[in-house]
Amino acid sequence: MTGLAWLGLVVAAVVGLLSVRAPLDGRDFAVAIPVGIAIGTLWLGGLRALVFYACRRALLSRRAASAPCETVSTARVALVCCTADDLDPSALRRSAAQTHDVDVVILDDSSSDAGRVTVDEVAAELGALVVRRNLRQGYKAGNLNHYFATSPGHDFFAIVDSDEVLAPTFVARALDHFAADVAVSGAAASGSGATASGATASGLVAASDPIGVVQGRHEAHEGETAFVSEFGPMLGTHVATTQAARSQFGFSMFMGRGALLSREAIIAAGGFPEVVAEDVAFTIALREAGYRVEYAPEIVSTEDFPVDYHAFKKQHGKMVQGATELLRGFGPTIARSRMDASEKLDLLLELTMIPLGSMLGVALFAVSLVTASLGATLFPTWVGLALGLSGVAALLPEAVRRTRRGAPLAGLVFLGRALALYASMLWVSLRSMARVLVGRRAVFTITPKRRSTAGWRATVLAELVVASAAVVVSLAVAGSIAPAMTAIGAAAAAVYLTRFSARGSRAPVAAPERAAAARRAV
């Protein structure tokens, strides 16, 4: 069904592109088909986001109703924190305060003396084990693999990032999912057909594959800076909207943190693939090994959102590099994997959407240069409007939430700023994607935890250079700046967001529990 929808959207895009050219020749088709494929794929991504949003409440209600009953477990659990000169001692203390006994393990890749001293002090306070390695290779995945190569004697591992705060009952409730899965699987194997101990009254349906990971829901800490106050809530809304849908009819994935993993699943998957997007790559390996990821929206963790615009650009660049690396290196693996068609399509679309926007931007610039020089129109208005709606679709849940909870214009203000934020990522996305496509290895960049002091040169200079070059080329080839408007818009957005990001805090830092409670209204 998804494949047919994509094909139909591509055909519609190609027809729309060709409709502005008469008579047609072979060159028109040569241009319209690849550009139409890109536009059709973006349309499908927008349609997918709208479907996820339409289904969100029903899916979240269903997930809440199927949450397993509370059990008492004697499982040995390690709380594993990965850090590299960015440990938040307060966050780790709070995460370690679990109602189920946990052994705290800090995997320290810090290179500075100050970072190591901080880790050692917190470890002494919590009685934590500190694991360091001489060769820091493989990024976060390599750090995890180095630890698991020591054959730690635990049954489960809660993976947390250095700034993450787990709810006190996180581990206990995640263990409930594993216990219910084992109970239901046992009942199914016995052929009794009865509801197993630990299943809910509504019936916990046994899946064909056992649970290897229980993935919780994510929220962002709020209020540290104006940038965080404005954009941080997007994280919780996005996760709540998309993960519930993907866990039902798509690719339910390990998100790299805020999750409980079983030892058997880690061994079966062969550890963590040492790539930038190790979370997605591990999920692929996990599915190949016959395990699945169980999404549990009722258990929540909170984490830092990028503190300013500069930090967001760093994080976005890493994400684009990771997605491009996966498409280049894991595309064939995904295509022939044991996952069903819906999982494969969902995963491939998710990965493709990340770098595709920058590729389409370059393609439209090139095509518009030619069409403008010939005095022709690039594409009909309806194609542009549909493309714009696709870009807005993923932001609608948060915009609607703000409209309902705030002033009537709150949603529109957010929508404008969020569109500017992602539009300004054009050059970052293009540069990050090109780096990987030319054969260089993706780089795992740690998101800065402090506000940048580099000023506009770190966030605007490259965009201004690109926009200026686009204007010069457009004037020389087409005699107009119209083809360069995408680059001009990205540069203008970067200037605005750099100024916006420089503002101080607009609200006090909210306690994670209060932030999570406020966000459950999504």
# chains A, B, ... in the order shown; residues from 1 in each chain; ligands from 1

$ residues_around --residues "segment 131-143 of chain A" --least-positions-apart "6" --cutoff "8 Å" --atoms "only C-alpha atoms" --output "PyMOL selection string"
chain A and resi 82+105-109+272-276+278+444

$ write_last_selection --atoms "N, CA and C atoms" --output "mmCIF file, in the first residue's frame"
data_model
loop_
_atom_site.group_PDB
_atom_site.id
_atom_site.type_symbol
_atom_site.label_atom_id
_atom_site.label_comp_id
_atom_site.auth_asym_id
_atom_site.auth_seq_id
_atom_site.Cartn_x
_atom_site.Cartn_y
_atom_site.Cartn_z
ATOM 1 N N CYS A 82 27.027 6.604 29.404
ATOM 2 C CA CYS A 82 28.128 6.925 28.495
ATOM 3 C C CYS A 82 28.433 8.424 28.582
ATOM 4 N N VAL A 105 27.230 2.015 36.280
ATOM 5 C CA VAL A 105 28.473 1.859 35.522
ATOM 6 C C VAL A 105 28.648 3.102 34.660
ATOM 7 N N ILE A 106 29.805 3.747 34.764
ATOM 8 C CA ILE A 106 30.097 4.934 33.955
ATOM 9 C C ILE A 106 31.158 4.563 32.927
ATOM 10 N N LEU A 107 30.791 4.642 31.658
ATOM 11 C CA LEU A 107 31.734 4.387 30.573
ATOM 12 C C LEU A 107 32.327 5.733 30.176
ATOM 13 N N ASP A 108 33.536 5.990 30.662
ATOM 14 C CA ASP A 108 34.114 7.330 30.567
ATOM 15 C C ASP A 108 35.119 7.439 29.426
ATOM 16 N N ASP A 109 34.740 8.206 28.417
ATOM 17 C CA ASP A 109 35.638 8.513 27.304
ATOM 18 C C ASP A 109 36.193 9.933 27.415
ATOM 19 N N PHE A 272 27.107 -3.567 19.233
ATOM 20 C CA PHE A 272 26.630 -2.345 18.592
ATOM 21 C C PHE A 272 27.489 -2.019 17.369
ATOM 22 N N PRO A 273 26.884 -1.921 16.190
ATOM 23 C CA PRO A 273 27.649 -1.512 15.008
ATOM 24 C C PRO A 273 28.322 -0.166 15.253
ATOM 25 N N GLU A 274 29.600 -0.064 14.952
ATOM 26 C CA GLU A 274 30.366 1.127 15.301
ATOM 27 C C GLU A 274 30.244 2.186 14.212
ATOM 28 N N VAL A 275 29.060 2.759 14.157
ATOM 29 C CA VAL A 275 28.742 3.855 13.251
ATOM 30 C C VAL A 275 28.148 4.980 14.077
ATOM 31 N N VAL A 276 27.952 6.155 13.444
ATOM 32 C CA VAL A 276 27.427 7.308 14.175
ATOM 33 C C VAL A 276 26.018 7.044 14.680
ATOM 34 N N GLU A 278 24.418 4.531 15.822
ATOM 35 C CA GLU A 278 24.508 3.161 16.342
ATOM 36 C C GLU A 278 23.165 2.645 16.839
ATOM 37 N N PHE A 444 31.083 11.344 14.864
ATOM 38 C CA PHE A 444 30.190 11.471 16.023
ATOM 39 C C PHE A 444 30.573 12.741 16.775
#

$ residues_around --residues "Gly250 of chain A" --least-positions-apart "5" --cutoff "10 Å" --atoms "only C-alpha atoms" --output "list in words"
Thr242, Gln243, Ala244, Ala245, Met339, Asp340, Ala341, Ser342, Glu343, Lys344, Leu345, Asp346 and Leu347 of chain A

$ closest_residue --among "A:Leu364, A:Ala393, A:Ala96, A:Leu326" --to "Leu348 of chain A" --atoms "only C-alpha atoms"
A:Leu326

$ residues_around --residues "Tyr295 of chain A" --least-positions-apart "3" --cutoff "9 Å" --atoms "only C-alpha atoms" --output "list in words"
Arg63, Val213, Val214, Gln215, Gly216, Arg217, Gln243, Ala244, Ser247, Ser252, Met253 and Phe254 of chain A

$ select_by_dssp --residues "segment 66-215 of chain A" --states "alpha helix (DSSP H)" --output "PyMOL selection string"
chain A and resi 89-96+113-126+139-148+170-190

$ closest_residue --among "A:Ser90, A:Ser151, A:Ser162, A:Thr283" --to "Glu303 of chain A" --atoms "only C-alpha atoms"
A:Ser162

$ closest_residue --among "A:Thr445, A:Ser73, A:Thr241, A:Ser480" --to "Thr371 of chain A" --atoms "only C-alpha atoms"
A:Ser480

$ closest_residue --among "A:Ala123, A:Leu412, A:Val320, A:Ala269" --to "Met433 of chain A" --atoms "only C-alpha atoms"
A:Val320

$ residues_around --residues "Arg435 of chain A" --least-positions-apart "3" --cutoff "12 Å" --atoms "only C-alpha atoms" --output "list in words"
Gly317, Lys318, Val320, Gln321, Gly322, Thr324, Glu325, Pro355, Val428, Ser429, Leu430, Arg431, Ser432, Val438, Gly439, Arg440, Arg441, Ala442 and Val443 of chain A

$ write_last_selection --atoms "N, CA, C and O atoms" --output "PDB file, in the first residue's frame"
ATOM      1  N   GLY A 317      23.807  18.225  12.094  1.00  0.00           N
ATOM      2  CA  GLY A 317      24.836  17.743  11.177  1.00  0.00           C
ATOM      3  C   GLY A 317      25.213  16.298  11.462  1.00  0.00           C
ATOM      4  O   GLY A 317      25.397  15.496  10.530  1.00  0.00           O
ATOM      5  N   LYS A 318      25.332  15.952  12.744  1.00  0.00           N
ATOM      6  CA  LYS A 318      25.632  14.564  13.094  1.00  0.00           C
ATOM      7  C   LYS A 318      24.511  13.635  12.648  1.00  0.00           C
ATOM      8  O   LYS A 318      24.760  12.531  12.142  1.00  0.00           O
ATOM      9  N   VAL A 320      22.419  14.033  10.122  1.00  0.00           N
ATOM     10  CA  VAL A 320      22.448  13.871   8.668  1.00  0.00           C
ATOM     11  C   VAL A 320      23.586  12.940   8.261  1.00  0.00           C
ATOM     12  O   VAL A 320      23.411  12.056   7.407  1.00  0.00           O
ATOM     13  N   GLN A 321      24.745  13.108   8.872  1.00  0.00           N
ATOM     14  CA  GLN A 321      25.857  12.206   8.567  1.00  0.00           C
ATOM     15  C   GLN A 321      25.509  10.762   8.913  1.00  0.00           C
ATOM     16  O   GLN A 321      25.790   9.839   8.147  1.00  0.00           O
ATOM     17  N   GLY A 322      24.882  10.570  10.063  1.00  0.00           N
ATOM     18  CA  GLY A 322      24.517   9.216  10.478  1.00  0.00           C
ATOM     19  C   GLY A 322      23.515   8.574   9.547  1.00  0.00           C
ATOM     20  O   GLY A 322      23.647   7.397   9.185  1.00  0.00           O
ATOM     21  N   THR A 324      22.941   9.356   6.357  1.00  0.00           N
ATOM     22  CA  THR A 324      23.571   9.118   5.055  1.00  0.00           C
ATOM     23  C   THR A 324      24.486   7.902   5.113  1.00  0.00           C
ATOM     24  O   THR A 324      24.527   7.088   4.181  1.00  0.00           O
ATOM     25  N   GLU A 325      25.202   7.756   6.215  1.00  0.00           N
ATOM     26  CA  GLU A 325      26.079   6.598   6.398  1.00  0.00           C
ATOM     27  C   GLU A 325      25.275   5.306   6.423  1.00  0.00           C
ATOM     28  O   GLU A 325      25.687   4.286   5.834  1.00  0.00           O
ATOM     29  N   PRO A 355      18.366  13.566   4.606  1.00  0.00           N
ATOM     30  CA  PRO A 355      19.217  14.303   3.656  1.00  0.00           C
ATOM     31  C   PRO A 355      18.498  14.763   2.386  1.00  0.00           C
ATOM     32  O   PRO A 355      19.036  15.579   1.640  1.00  0.00           O
ATOM     33  N   VAL A 428      24.134  23.074   6.257  1.00  0.00           N
ATOM     34  CA  VAL A 428      24.640  22.055   7.180  1.00  0.00           C
ATOM     35  C   VAL A 428      24.292  20.659   6.669  1.00  0.00           C
ATOM     36  O   VAL A 428      25.131  19.745   6.673  1.00  0.00           O
ATOM     37  N   SER A 429      23.046  20.491   6.220  1.00  0.00           N
ATOM     38  CA  SER A 429      22.618  19.187   5.714  1.00  0.00           C
ATOM     39  C   SER A 429      23.391  18.797   4.465  1.00  0.00           C
ATOM     40  O   SER A 429      23.848  17.653   4.329  1.00  0.00           O
ATOM     41  N   LEU A 430      23.533  19.733   3.543  1.00  0.00           N
ATOM     42  CA  LEU A 430      24.229  19.452   2.296  1.00  0.00           C
ATOM     43  C   LEU A 430      25.693  19.104   2.544  1.00  0.00           C
ATOM     44  O   LEU A 430      26.227  18.130   1.994  1.00  0.00           O
ATOM     45  N   ARG A 431      26.352  19.879   3.392  1.00  0.00           N
ATOM     46  CA  ARG A 431      27.758  19.627   3.697  1.00  0.00           C
ATOM     47  C   ARG A 431      27.942  18.275   4.396  1.00  0.00           C
ATOM     48  O   ARG A 431      28.861  17.511   4.069  1.00  0.00           O
ATOM     49  N   SER A 432      27.060  17.972   5.339  1.00  0.00           N
ATOM     50  CA  SER A 432      27.168  16.714   6.081  1.00  0.00           C
ATOM     51  C   SER A 432      26.917  15.515   5.179  1.00  0.00           C
ATOM     52  O   SER A 432      27.624  14.501   5.257  1.00  0.00           O
ATOM     53  N   VAL A 438      31.092  11.297  -0.441  1.00  0.00           N
ATOM     54  CA  VAL A 438      32.382  11.275  -1.139  1.00  0.00           C
ATOM     55  C   VAL A 438      33.337  10.257  -0.536  1.00  0.00           C
ATOM     56  O   VAL A 438      34.481  10.137  -0.986  1.00  0.00           O
ATOM     57  N   GLY A 439      32.874   9.514   0.453  1.00  0.00           N
ATOM     58  CA  GLY A 439      33.670   8.420   0.987  1.00  0.00           C
ATOM     59  C   GLY A 439      34.282   8.655   2.344  1.00  0.00           C
ATOM     60  O   GLY A 439      34.902   7.737   2.905  1.00  0.00           O
ATOM     61  N   ARG A 440      34.132   9.849   2.884  1.00  0.00           N
ATOM     62  CA  ARG A 440      34.669  10.101   4.213  1.00  0.00           C
ATOM     63  C   ARG A 440      33.762   9.511   5.276  1.00  0.00           C
ATOM     64  O   ARG A 440      32.563   9.379   5.077  1.00  0.00           O
ATOM     65  N   ARG A 441      34.326   9.178   6.393  1.00  0.00           N
ATOM     66  CA  ARG A 441      33.554   8.551   7.450  1.00  0.00           C
ATOM     67  C   ARG A 441      32.752   9.581   8.228  1.00  0.00           C
ATOM     68  O   ARG A 441      33.210  10.705   8.454  1.00  0.00           O
ATOM     69  N   ALA A 442      31.533   9.206   8.610  1.00  0.00           N
ATOM     70  CA  ALA A 442      30.726  10.093   9.448  1.00  0.00           C
ATOM     71  C   ALA A 442      31.415  10.293  10.797  1.00  0.00           C
ATOM     72  O   ALA A 442      32.099   9.397  11.300  1.00  0.00           O
ATOM     73  N   VAL A 443      31.222  11.460  11.376  1.00  0.00           N
ATOM     74  CA  VAL A 443      31.881  11.803  12.636  1.00  0.00           C
ATOM     75  C   VAL A 443      30.837  11.975  13.732  1.00  0.00           C
ATOM     76  O   VAL A 443      29.834  12.670  13.542  1.00  0.00           O
TER      77      VAL A 443
END

$ residues_around --residues "Pro34 of chain A" --least-positions-apart "4" --cutoff "10 Å" --atoms "only C-alpha atoms" --output "list of chain:residue names"
A:Val10, A:Val14, A:Phe29, A:Ala30, A:Ala38, A:Ile39, A:Gly40, A:Leu360, A:Ala363

$ select_by_dssp --residues "segment 286-426 of chain A" --states "strand (DSSP E or B)" --output "list of chain:residue names"
A:Arg292, A:Val293, A:Glu294, A:Tyr295, A:Ala296, A:Pro297, A:Glu298, A:Ile299, A:Val300, A:Ser301, A:Thr302, A:Glu303

$ write_last_selection --atoms "N, CA and C atoms" --output "mmCIF file, in the first residue's frame"
data_model
loop_
_atom_site.group_PDB
_atom_site.id
_atom_site.type_symbol
_atom_site.label_atom_id
_atom_site.label_comp_id
_atom_site.auth_asym_id
_atom_site.auth_seq_id
_atom_site.Cartn_x
_atom_site.Cartn_y
_atom_site.Cartn_z
ATOM 1 N N ARG A 292 12.794 -7.891 19.083
ATOM 2 C CA ARG A 292 12.075 -6.675 18.721
ATOM 3 C C ARG A 292 12.229 -5.615 19.806
ATOM 4 N N VAL A 293 11.888 -4.382 19.454
ATOM 5 C CA VAL A 293 11.910 -3.264 20.388
ATOM 6 C C VAL A 293 10.480 -2.962 20.815
ATOM 7 N N GLU A 294 10.243 -2.998 22.103
ATOM 8 C CA GLU A 294 8.921 -2.701 22.659
ATOM 9 C C GLU A 294 8.897 -1.243 23.114
ATOM 10 N N TYR A 295 8.011 -0.453 22.524
ATOM 11 C CA TYR A 295 7.887 0.942 22.922
ATOM 12 C C TYR A 295 6.949 1.049 24.107
ATOM 13 N N ALA A 296 7.405 1.724 25.163
ATOM 14 C CA ALA A 296 6.636 1.847 26.405
ATOM 15 C C ALA A 296 6.452 3.321 26.735
ATOM 16 N N PRO A 297 5.400 3.966 26.226
ATOM 17 C CA PRO A 297 5.232 5.408 26.428
ATOM 18 C C PRO A 297 4.942 5.811 27.861
ATOM 19 N N GLU A 298 4.565 4.836 28.700
ATOM 20 C CA GLU A 298 4.231 5.189 30.075
ATOM 21 C C GLU A 298 5.466 5.377 30.955
ATOM 22 N N ILE A 299 6.645 4.961 30.477
ATOM 23 C CA ILE A 299 7.872 5.196 31.240
ATOM 24 C C ILE A 299 8.675 6.287 30.520
ATOM 25 N N VAL A 300 9.059 7.305 31.264
ATOM 26 C CA VAL A 300 9.564 8.536 30.660
ATOM 27 C C VAL A 300 10.953 8.865 31.183
ATOM 28 N N SER A 301 11.785 9.377 30.296
ATOM 29 C CA SER A 301 13.054 9.974 30.694
ATOM 30 C C SER A 301 13.114 11.384 30.132
ATOM 31 N N THR A 302 13.878 12.232 30.795
ATOM 32 C CA THR A 302 14.034 13.607 30.330
ATOM 33 C C THR A 302 15.505 13.862 30.023
ATOM 34 N N GLU A 303 15.758 14.785 29.117
ATOM 35 C CA GLU A 303 17.131 15.047 28.689
ATOM 36 C C GLU A 303 17.267 16.498 28.254
#

$ residues_around --residues "Val495 of chain A" --least-positions-apart "4" --cutoff "12 Å" --atoms "only C-alpha atoms" --output "list in words"
Tyr309, His310, Ala420, Leu421, Ala423, Ser424, Gly455, Trp456, Arg457, Ala458, Thr459, Val460, Leu461, Ala462, Glu463, Leu464, Ile488, Gly489, Ala490, Ala491, Arg499, Phe500, Ser501 and Ala502 of chain A

$ atom_distance --atom1 "atom CA of Gly232 of chain A" --atom2 "atom CA of Glu219 of chain A"
8.4 Å

$ closest_residue --among "A:Phe379, A:Asp85, A:His316, A:Leu92" --to "Gly115 of chain A" --atoms "only C-alpha atoms"
A:Asp85

$ closest_residue --among "A:Arg263, A:Arg404, A:Lys313, A:Arg417" --to "Ile211 of chain A" --atoms "only C-alpha atoms"
A:Arg263

$ residues_around --residues "Trp382 of chain A" --least-positions-apart "6" --cutoff "12 Å" --atoms "only C-alpha atoms" --output "number ranges by chain"
A: 12-13, 15-17, 19-20, 388-389

$ atom_distance --atom1 "atom CA of Phe365 of chain A" --atom2 "atom CA of Ala434 of chain A"
16.7 Å

$ atom_distance --atom1 "atom CA of Ala54 of chain A" --atom2 "atom CA of Val383 of chain A"
23.2 Å

$ decode --residues "segment 25-61 of chain A" --atoms "N, CA and C atoms" --output "mmCIF file, in the first residue's frame"
data_model
loop_
_atom_site.group_PDB
_atom_site.id
_atom_site.type_symbol
_atom_site.label_atom_id
_atom_site.label_comp_id
_atom_site.auth_asym_id
_atom_site.auth_seq_id
_atom_site.Cartn_x
_atom_site.Cartn_y
_atom_site.Cartn_z
ATOM 1 N N ASP A 25 10.172 17.677 -24.672
ATOM 2 C CA ASP A 25 11.204 16.902 -25.362
ATOM 3 C C ASP A 25 11.876 15.986 -24.339
ATOM 4 N N GLY A 26 12.840 15.223 -24.804
ATOM 5 C CA GLY A 26 13.482 14.241 -23.939
ATOM 6 C C GLY A 26 14.160 14.849 -22.736
ATOM 7 N N ARG A 27 14.682 16.080 -22.874
ATOM 8 C CA ARG A 27 15.355 16.713 -21.742
ATOM 9 C C ARG A 27 14.388 17.022 -20.611
ATOM 10 N N ASP A 28 13.144 17.341 -20.961
ATOM 11 C CA ASP A 28 12.146 17.608 -19.928
ATOM 12 C C ASP A 28 11.916 16.379 -19.050
ATOM 13 N N PHE A 29 11.791 15.221 -19.684
ATOM 14 C CA PHE A 29 11.594 13.990 -18.927
ATOM 15 C C PHE A 29 12.830 13.651 -18.105
ATOM 16 N N ALA A 30 14.008 13.890 -18.649
ATOM 17 C CA ALA A 30 15.250 13.586 -17.941
ATOM 18 C C ALA A 30 15.379 14.395 -16.659
ATOM 19 N N VAL A 31 14.827 15.604 -16.660
ATOM 20 C CA VAL A 31 14.864 16.449 -15.464
ATOM 21 C C VAL A 31 13.682 16.157 -14.549
ATOM 22 N N ALA A 32 12.491 16.015 -15.122
ATOM 23 C CA ALA A 32 11.271 15.871 -14.325
ATOM 24 C C ALA A 32 11.247 14.582 -13.521
ATOM 25 N N ILE A 33 11.785 13.487 -14.066
ATOM 26 C CA ILE A 33 11.679 12.197 -13.370
ATOM 27 C C ILE A 33 12.477 12.188 -12.062
ATOM 28 N N PRO A 34 13.791 12.526 -12.040
ATOM 29 C CA PRO A 34 14.491 12.499 -10.744
ATOM 30 C C PRO A 34 13.970 13.543 -9.755
ATOM 31 N N VAL A 35 13.641 14.741 -10.259
ATOM 32 C CA VAL A 35 13.091 15.759 -9.358
ATOM 33 C C VAL A 35 11.716 15.323 -8.854
ATOM 34 N N GLY A 36 10.930 14.711 -9.721
ATOM 35 C CA GLY A 36 9.618 14.214 -9.312
ATOM 36 C C GLY A 36 9.713 13.118 -8.275
ATOM 37 N N ILE A 37 10.730 12.257 -8.401
ATOM 38 C CA ILE A 37 10.931 11.203 -7.390
ATOM 39 C C ILE A 37 11.225 11.837 -6.030
ATOM 40 N N ALA A 38 12.060 12.871 -6.028
ATOM 41 C CA ALA A 38 12.388 13.541 -4.767
ATOM 42 C C ALA A 38 11.151 14.217 -4.174
ATOM 43 N N ILE A 39 10.405 14.929 -5.012
ATOM 44 C CA ILE A 39 9.205 15.613 -4.521
ATOM 45 C C ILE A 39 8.171 14.604 -4.035
ATOM 46 N N GLY A 40 7.965 13.538 -4.792
ATOM 47 C CA GLY A 40 7.000 12.513 -4.385
ATOM 48 C C GLY A 40 7.373 11.868 -3.066
ATOM 49 N N THR A 41 8.672 11.664 -2.846
ATOM 50 C CA THR A 41 9.122 11.072 -1.577
ATOM 51 C C THR A 41 8.863 12.025 -0.415
ATOM 52 N N LEU A 42 9.135 13.315 -0.626
ATOM 53 C CA LEU A 42 8.848 14.296 0.429
ATOM 54 C C LEU A 42 7.351 14.394 0.695
ATOM 55 N N TRP A 43 6.543 14.310 -0.352
ATOM 56 C CA TRP A 43 5.088 14.291 -0.163
ATOM 57 C C TRP A 43 4.674 13.096 0.689
ATOM 58 N N LEU A 44 5.260 11.938 0.394
ATOM 59 C CA LEU A 44 4.930 10.743 1.166
ATOM 60 C C LEU A 44 5.328 10.917 2.627
ATOM 61 N N GLY A 45 6.485 11.548 2.857
ATOM 62 C CA GLY A 45 6.898 11.810 4.233
ATOM 63 C C GLY A 45 5.917 12.725 4.949
ATOM 64 N N GLY A 46 5.427 13.740 4.246
ATOM 65 C CA GLY A 46 4.429 14.620 4.850
ATOM 66 C C GLY A 46 3.122 13.904 5.122
ATOM 67 N N LEU A 47 2.681 13.064 4.176
ATOM 68 C CA LEU A 47 1.451 12.291 4.361
ATOM 69 C C LEU A 47 1.597 11.337 5.540
ATOM 70 N N ARG A 48 2.771 10.740 5.670
ATOM 71 C CA ARG A 48 3.051 9.839 6.797
ATOM 72 C C ARG A 48 2.944 10.586 8.117
ATOM 73 N N ALA A 49 3.498 11.799 8.182
ATOM 74 C CA ALA A 49 3.428 12.593 9.407
ATOM 75 C C ALA A 49 1.984 12.942 9.760
ATOM 76 N N LEU A 50 1.174 13.267 8.758
ATOM 77 C CA LEU A 50 -0.231 13.601 9.007
ATOM 78 C C LEU A 50 -1.008 12.383 9.506
ATOM 79 N N VAL A 51 -0.725 11.211 8.936
ATOM 80 C CA VAL A 51 -1.388 9.978 9.386
ATOM 81 C C VAL A 51 -0.997 9.672 10.830
ATOM 82 N N PHE A 52 0.291 9.817 11.139
ATOM 83 C CA PHE A 52 0.745 9.581 12.510
ATOM 84 C C PHE A 52 0.010 10.512 13.482
ATOM 85 N N TYR A 53 -0.130 11.766 13.093
ATOM 86 C CA TYR A 53 -0.786 12.736 13.959
ATOM 87 C C TYR A 53 -2.266 12.391 14.142
ATOM 88 N N ALA A 54 -2.923 11.995 13.058
ATOM 89 C CA ALA A 54 -4.345 11.653 13.132
ATOM 90 C C ALA A 54 -4.586 10.449 14.030
ATOM 91 N N CYS A 55 -3.622 9.527 14.084
ATOM 92 C CA CYS A 55 -3.796 8.285 14.851
ATOM 93 C C CYS A 55 -3.239 8.365 16.263
ATOM 94 N N ARG A 56 -2.614 9.481 16.621
ATOM 95 C CA ARG A 56 -1.816 9.500 17.836
ATOM 96 C C ARG A 56 -2.595 9.166 19.094
ATOM 97 N N ARG A 57 -3.764 9.777 19.268
ATOM 98 C CA ARG A 57 -4.502 9.587 20.519
ATOM 99 C C ARG A 57 -5.001 8.154 20.667
ATOM 100 N N ALA A 58 -5.524 7.599 19.583
ATOM 101 C CA ALA A 58 -6.000 6.215 19.645
ATOM 102 C C ALA A 58 -4.861 5.254 19.947
ATOM 103 N N LEU A 59 -3.698 5.486 19.318
ATOM 104 C CA LEU A 59 -2.556 4.599 19.523
ATOM 105 C C LEU A 59 -1.997 4.734 20.929
ATOM 106 N N LEU A 60 -1.910 5.982 21.431
ATOM 107 C CA LEU A 60 -1.401 6.178 22.785
ATOM 108 C C LEU A 60 -2.334 5.561 23.815
ATOM 109 N N SER A 61 -3.649 5.678 23.581
ATOM 110 C CA SER A 61 -4.618 5.070 24.492
ATOM 111 C C SER A 61 -4.494 3.559 24.485
#
